[in-house]
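Undergrad: This is the content of my_file16.cif (mmCIF, C-alpha atoms):
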data_upload
#
loop_
_atom_site.label_atom_id
_atom_site.label_comp_id
_atom_site.auth_asym_id
_atom_site.auth_seq_id
_atom_site.Cartn_x
_atom_site.Cartn_y
_atom_site.Cartn_z
CA MET A 1 0.00 0.00 0.00
CA SER A 2 1.30 3.45 -0.85
CA TYR A 3 1.96 6.14 1.73
CA GLU A 4 -0.47 8.39 -0.16
CA THR A 5 -3.22 5.81 0.39
CA ILE A 6 -2.26 5.43 4.06
CA ARG A 7 -2.37 9.24 4.40
CA GLU A 8 -5.92 9.34 3.03
CA GLN A 9 -7.01 6.46 5.28
CA LEU A 10 -5.44 8.13 8.32
CA ARG A 11 -7.15 11.41 7.50
CA ALA A 12 -10.54 9.69 7.07
CA LEU A 13 -10.07 7.69 10.28
CA THR A 14 -9.22 10.69 12.48
CA GLN A 15 -10.79 13.76 10.87
CA GLY A 16 -13.18 15.51 13.23
CA ILE A 17 -12.49 13.10 16.10
CA PRO A 18 -11.47 15.11 19.19
CA HIS A 19 -10.05 12.21 21.23
CA LYS A 20 -6.23 12.17 21.23
CA THR A 21 -5.74 8.72 22.75
CA ALA A 22 -8.29 7.09 20.46
CA ASN A 23 -6.83 8.77 17.38
CA LEU A 24 -3.26 7.77 18.24
CA ALA A 25 -4.42 4.21 18.96
CA ASN A 26 -6.17 3.99 15.61
CA ALA A 27 -3.17 5.56 13.85
CA SER A 28 -0.85 2.92 15.33
CA ALA A 29 -3.30 0.15 14.37
CA LEU A 30 -3.58 1.47 10.80
CA LEU A 31 0.19 1.64 10.37
CA SER A 32 0.63 -1.80 11.90
CA MET A 33 -1.95 -3.25 9.48
CA THR A 34 -0.74 -1.54 6.34
CA LEU A 35 3.06 -1.41 6.55
CA PRO A 36 4.76 -4.78 6.06
CA ASP A 37 7.37 -6.40 8.26
CA LEU A 38 6.80 -4.48 11.50
CA ASN A 39 6.76 -5.92 15.01
CA TRP A 40 5.98 -2.69 16.91
CA VAL A 41 4.30 0.63 16.06
CA GLY A 42 3.53 3.27 18.61
CA PHE A 43 3.84 6.69 20.13
CA TYR A 44 5.89 8.09 22.96
CA LEU A 45 4.55 11.37 24.34
CA LEU A 46 6.94 13.95 25.76
CA GLU A 47 6.39 14.84 29.41
CA GLY A 48 9.08 17.24 30.59
CA GLU A 49 12.37 15.62 29.53
CA THR A 50 10.95 12.09 29.31
CA LEU A 51 9.18 10.25 26.52
CA VAL A 52 6.31 8.26 28.04
CA LEU A 53 4.70 5.27 26.34
CA GLY A 54 1.47 6.12 24.52
CA PRO A 55 -0.86 4.10 22.28
CA PHE A 56 0.87 1.27 20.42
CA GLN A 57 0.55 -2.07 18.64
CA GLY A 58 2.96 -4.82 19.64
CA LYS A 59 4.55 -6.44 22.67
CA PRO A 60 4.76 -4.55 25.99
CA ALA A 61 7.33 -1.77 25.74
CA CYS A 62 9.59 0.49 27.74
CA ILE A 63 7.46 2.99 29.65
CA GLU A 64 9.91 5.89 29.97
CA ILE A 65 12.75 6.97 27.69
CA PRO A 66 14.87 9.99 28.67
CA MET A 67 15.46 12.67 26.00
CA GLY A 68 18.68 11.91 24.17
CA ARG A 69 18.70 8.19 25.07
CA GLY A 70 18.09 5.35 22.67
CA VAL A 71 16.76 5.83 19.15
CA CYS A 72 13.52 7.50 20.30
CA GLY A 73 15.19 9.91 22.71
CA THR A 74 17.88 10.76 20.16
CA ALA A 75 15.33 11.43 17.40
CA ALA A 76 13.41 13.71 19.78
CA ALA A 77 16.56 15.55 20.91
CA GLN A 78 17.82 15.98 17.34
CA ASP A 79 14.30 16.78 16.07
CA GLY A 80 14.71 14.68 12.95
CA ILE A 81 13.54 11.39 11.49
CA LEU A 82 16.03 8.64 12.32
CA LEU A 83 16.47 5.50 10.23
CA VAL A 84 18.52 2.87 12.03
CA PRO A 85 19.39 -0.16 9.88
CA ASP A 86 20.69 -2.20 12.84
CA VAL A 87 19.66 -1.10 16.33
CA HIS A 88 22.37 -3.28 17.86
CA GLN A 89 24.93 -0.94 16.29
CA PHE A 90 23.22 2.22 17.62
CA PRO A 91 25.10 3.71 20.61
CA GLY A 92 22.88 3.65 23.70
CA HIS A 93 20.11 1.58 22.08
CA ILE A 94 17.40 0.64 24.59
CA ALA A 95 16.25 -2.91 23.87
CA CYS A 96 12.55 -3.02 24.71
CA ASP A 97 12.11 -6.04 22.41
CA GLY A 98 15.19 -8.07 21.51
CA VAL A 99 13.51 -9.16 18.26
CA SER A 100 13.62 -5.60 16.85
CA ARG A 101 16.55 -5.09 14.50
CA SER A 102 15.78 -1.87 12.62
CA GLU A 103 13.89 1.25 13.53
CA LEU A 104 12.37 4.44 12.12
CA VAL A 105 11.53 7.20 14.59
CA MET A 106 9.79 10.44 13.61
CA PRO A 107 9.38 13.40 15.96
CA LEU A 108 5.93 15.01 16.10
CA HIS A 109 5.38 18.65 16.99
CA LYS A 110 2.83 20.77 18.79
CA ASN A 111 3.16 24.56 18.80
CA GLY A 112 6.51 24.22 17.01
CA GLN A 113 8.08 22.01 19.70
CA VAL A 114 8.69 18.25 19.78
CA ALA A 115 5.74 16.78 21.67
CA ALA A 116 5.96 13.08 20.78
CA VAL A 117 7.64 10.53 18.56
CA LEU A 118 6.24 7.82 16.34
CA ASP A 119 8.33 4.66 16.61
CA LEU A 120 8.31 1.88 14.01
CA ASP A 121 10.29 -1.32 14.70
CA SER A 122 11.04 -4.26 12.43
CA PRO A 123 12.63 -7.65 13.05
CA THR A 124 14.48 -7.26 9.72
CA PRO A 125 17.81 -5.42 9.56
CA GLY A 126 17.72 -2.54 7.05
CA ARG A 127 13.91 -2.67 6.75
CA PHE A 128 13.46 1.12 6.53
CA THR A 129 14.54 3.15 3.49
CA GLU A 130 14.63 6.74 2.35
CA ALA A 131 11.28 6.04 0.66
CA ASP A 132 9.89 5.17 4.11
CA ARG A 133 11.32 8.41 5.52
CA ALA A 134 9.61 10.40 2.75
CA GLY A 135 6.38 8.45 3.19
CA MET A 136 6.28 9.03 6.92
CA ALA A 137 6.89 12.74 6.32
CA LEU A 138 3.63 12.72 4.30
CA LEU A 139 1.82 11.46 7.40
CA GLN A 140 3.52 13.86 9.80
CA PRO A 141 1.11 16.83 9.51
CA ILE A 142 -1.93 14.61 10.09
CA LEU A 143 -0.32 12.92 13.09
CA GLU A 144 0.76 16.26 14.54
CA ALA A 145 -2.81 17.55 14.29
CA LEU A 146 -3.85 14.67 16.60
CA LEU A 147 -1.66 15.97 19.42
#
Translate the structure of the given file into structure tokens.
TA:
Amino acid sequence: MSYETIREQLRALTQGIPHKTANLANASALLSMTLPDLNWVGFYLLEGETLVLGPFQGKPACIEIPMGRGVCGTAAAQDGILLVPDVHQFPGHIACDGVSRSELVMPLHKNGQVAAVLDLDSPTPGRFTEADRAGMALLQPILEALL
């Protein structure tokens, strides 16, 4: 499925719905269903200097991640989409699920500041590409509107 199609489905699923938790839960479910070869999809919401587990699809996960730590904390601190081909080679990687091998993390903003991250994990090394980065950037404005 194309990212353009996912964008339209995400928009239709969340448009006019004022419930943040429900929208983020449905967004994670949609991405989990439509993107192949993922074992975890979810959100971490920034509270102070800590990313706190939000709605997700997958195995139980780390509850708190400090800013600047692990892939999620680094993506939030650097305020940029991170593609990590092999998480075992990432300095300071936090292993919530030992099966995860590659990761894409995208910061989400509210009022111009990082407010959350979307985290995608795969059991396959090198799963995420520049095409995935561009595709996720298409979804970013819709996801940010949910915050």
Undergrad: Could you work out how far CA of Asp132 (chain A) lies from CA of Leu82 (chain A), giving the answer in Å with one decimal?
TA: 10.8 Å
Undergrad: Of the candidates A:Asp119, A:Asp79, A:Glu47, A:Glu103, which shows the shortest atom-to-atom distance to Leu31 (chain A), using all atoms listed in the file?
TA: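 Ranking A:Asp119, A:Asp79, A:Glu47, A:Glu103 by distance to Leu31 (chain A), first place goes to A:Asp119.
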Undergrad: Report, in Å to a single decimal, how far apart CA of Ala116 (chain A) and CA of Leu45 (chain A) are.
TA: 4.2 Å
Undergrad: Could you check the closest approach to Pro60 (chain A) for each of A:Pro91, A:Pro18, A:Gly80, A:Gly42 and tell me which residue wins, using only C-alpha atoms?
TA: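 Of all the options, A:Gly42 lies closest to Pro60 (chain A).
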Undergrad: Go through A:Leu30, A:Lys59, A:Glu4, A:Thr50 one by one, measure the shortest atom-to-atom distance of each to Ala137 (chain A) using only C-alpha atoms, and give the residue with the smallest value.
TA: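 Using only C-alpha atoms, Ala137 (chain A) sits closest to A:Glu4.
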Undergrad: Let me make sure I understand: among A:Ala77, A:Glu64, A:Thr124, A:Gly98, which one has the smallest atom-to-atom distance to Tyr44 (chain A) if we use only C-alpha atoms?
TA: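 Using only C-alpha atoms, Tyr44 (chain A) sits closest to A:Glu64.
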Undergrad: May I have a table of the residues of region 17-59 of chain A lying at most 12 Å from region 108-113 of chain A, giving each one's closest pair of atoms and their distance in Å to one decimal, counting only C-alpha atoms, ordered by chain and ascending residue number, as CSV?
TA:
residue,atom,partner,partner_atom,distance
A:Leu24,CA,A:Leu108,CA,11.9
A:Phe43,CA,A:Leu108,CA,9.5
A:Tyr44,CA,A:Leu108,CA,9.7
A:Leu45,CA,A:Leu108,CA,9.1
A:Leu46,CA,A:Leu108,CA,9.8
A:Gly48,CA,A:Gln113,CA,11.9
A:Leu51,CA,A:Leu108,CA,11.9
Undergrad: Taking the structure I provided as the source, export region 32-104 of chain A with C-alpha atoms, as a PDB file, in the first residue's frame.
TA:
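Once written, result_27.pdb looks like this:
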ATOM      1  CA  SER A  32       0.632  -1.803  11.900  1.00  0.00           C
ATOM      2  CA  MET A  33      -1.947  -3.254   9.484  1.00  0.00           C
ATOM      3  CA  THR A  34      -0.740  -1.539   6.338  1.00  0.00           C
ATOM      4  CA  LEU A  35       3.057  -1.407   6.554  1.00  0.00           C
ATOM      5  CA  PRO A  36       4.759  -4.783   6.058  1.00  0.00           C
ATOM      6  CA  ASP A  37       7.370  -6.403   8.262  1.00  0.00           C
ATOM      7  CA  LEU A  38       6.804  -4.481  11.503  1.00  0.00           C
ATOM      8  CA  ASN A  39       6.759  -5.915  15.006  1.00  0.00           C
ATOM      9  CA  TRP A  40       5.980  -2.694  16.913  1.00  0.00           C
ATOM     10  CA  VAL A  41       4.304   0.627  16.064  1.00  0.00           C
ATOM     11  CA  GLY A  42       3.532   3.272  18.612  1.00  0.00           C
ATOM     12  CA  PHE A  43       3.843   6.686  20.131  1.00  0.00           C
ATOM     13  CA  TYR A  44       5.894   8.088  22.961  1.00  0.00           C
ATOM     14  CA  LEU A  45       4.552  11.374  24.345  1.00  0.00           C
ATOM     15  CA  LEU A  46       6.945  13.949  25.760  1.00  0.00           C
ATOM     16  CA  GLU A  47       6.392  14.845  29.411  1.00  0.00           C
ATOM     17  CA  GLY A  48       9.082  17.238  30.586  1.00  0.00           C
ATOM     18  CA  GLU A  49      12.369  15.617  29.532  1.00  0.00           C
ATOM     19  CA  THR A  50      10.946  12.090  29.314  1.00  0.00           C
ATOM     20  CA  LEU A  51       9.181  10.250  26.520  1.00  0.00           C
ATOM     21  CA  VAL A  52       6.308   8.263  28.037  1.00  0.00           C
ATOM     22  CA  LEU A  53       4.698   5.271  26.336  1.00  0.00           C
ATOM     23  CA  GLY A  54       1.475   6.119  24.519  1.00  0.00           C
ATOM     24  CA  PRO A  55      -0.864   4.103  22.280  1.00  0.00           C
ATOM     25  CA  PHE A  56       0.870   1.274  20.415  1.00  0.00           C
ATOM     26  CA  GLN A  57       0.547  -2.073  18.645  1.00  0.00           C
ATOM     27  CA  GLY A  58       2.956  -4.822  19.643  1.00  0.00           C
ATOM     28  CA  LYS A  59       4.552  -6.439  22.668  1.00  0.00           C
ATOM     29  CA  PRO A  60       4.760  -4.554  25.987  1.00  0.00           C
ATOM     30  CA  ALA A  61       7.328  -1.773  25.740  1.00  0.00           C
ATOM     31  CA  CYS A  62       9.586   0.495  27.743  1.00  0.00           C
ATOM     32  CA  ILE A  63       7.463   2.986  29.654  1.00  0.00           C
ATOM     33  CA  GLU A  64       9.910   5.886  29.973  1.00  0.00           C
ATOM     34  CA  ILE A  65      12.752   6.973  27.694  1.00  0.00           C
ATOM     35  CA  PRO A  66      14.871   9.994  28.670  1.00  0.00           C
ATOM     36  CA  MET A  67      15.455  12.672  26.004  1.00  0.00           C
ATOM     37  CA  GLY A  68      18.682  11.913  24.166  1.00  0.00           C
ATOM     38  CA  ARG A  69      18.704   8.193  25.068  1.00  0.00           C
ATOM     39  CA  GLY A  70      18.087   5.347  22.666  1.00  0.00           C
ATOM     40  CA  VAL A  71      16.757   5.830  19.151  1.00  0.00           C
ATOM     41  CA  CYS A  72      13.515   7.499  20.302  1.00  0.00           C
ATOM     42  CA  GLY A  73      15.188   9.907  22.713  1.00  0.00           C
ATOM     43  CA  THR A  74      17.880  10.757  20.162  1.00  0.00           C
ATOM     44  CA  ALA A  75      15.332  11.433  17.404  1.00  0.00           C
ATOM     45  CA  ALA A  76      13.412  13.707  19.776  1.00  0.00           C
ATOM     46  CA  ALA A  77      16.557  15.554  20.915  1.00  0.00           C
ATOM     47  CA  GLN A  78      17.822  15.976  17.336  1.00  0.00           C
ATOM     48  CA  ASP A  79      14.300  16.775  16.072  1.00  0.00           C
ATOM     49  CA  GLY A  80      14.708  14.684  12.953  1.00  0.00           C
ATOM     50  CA  ILE A  81      13.537  11.388  11.486  1.00  0.00           C
ATOM     51  CA  LEU A  82      16.031   8.643  12.317  1.00  0.00           C
ATOM     52  CA  LEU A  83      16.470   5.497  10.230  1.00  0.00           C
ATOM     53  CA  VAL A  84      18.518   2.874  12.033  1.00  0.00           C
ATOM     54  CA  PRO A  85      19.391  -0.161   9.879  1.00  0.00           C
ATOM     55  CA  ASP A  86      20.689  -2.196  12.842  1.00  0.00           C
ATOM     56  CA  VAL A  87      19.663  -1.098  16.326  1.00  0.00           C
ATOM     57  CA  HIS A  88      22.372  -3.285  17.862  1.00  0.00           C
ATOM     58  CA  GLN A  89      24.928  -0.943  16.293  1.00  0.00           C
ATOM     59  CA  PHE A  90      23.222   2.218  17.618  1.00  0.00           C
ATOM     60  CA  PRO A  91      25.097   3.705  20.610  1.00  0.00           C
ATOM     61  CA  GLY A  92      22.878   3.646  23.700  1.00  0.00           C
ATOM     62  CA  HIS A  93      20.114   1.577  22.077  1.00  0.00           C
ATOM     63  CA  ILE A  94      17.400   0.642  24.589  1.00  0.00           C
ATOM     64  CA  ALA A  95      16.252  -2.911  23.872  1.00  0.00           C
ATOM     65  CA  CYS A  96      12.552  -3.021  24.710  1.00  0.00           C
ATOM     66  CA  ASP A  97      12.110  -6.036  22.406  1.00  0.00           C
ATOM     67  CA  GLY A  98      15.186  -8.074  21.513  1.00  0.00           C
ATOM     68  CA  VAL A  99      13.506  -9.159  18.262  1.00  0.00           C
ATOM     69  CA  SER A 100      13.616  -5.602  16.847  1.00  0.00           C
ATOM     70  CA  ARG A 101      16.547  -5.087  14.496  1.00  0.00           C
ATOM     71  CA  SER A 102      15.782  -1.868  12.617  1.00  0.00           C
ATOM     72  CA  GLU A 103      13.887   1.254  13.532  1.00  0.00           C
ATOM     73  CA  LEU A 104      12.375   4.436  12.123  1.00  0.00           C
TER      74      LEU A 104
END
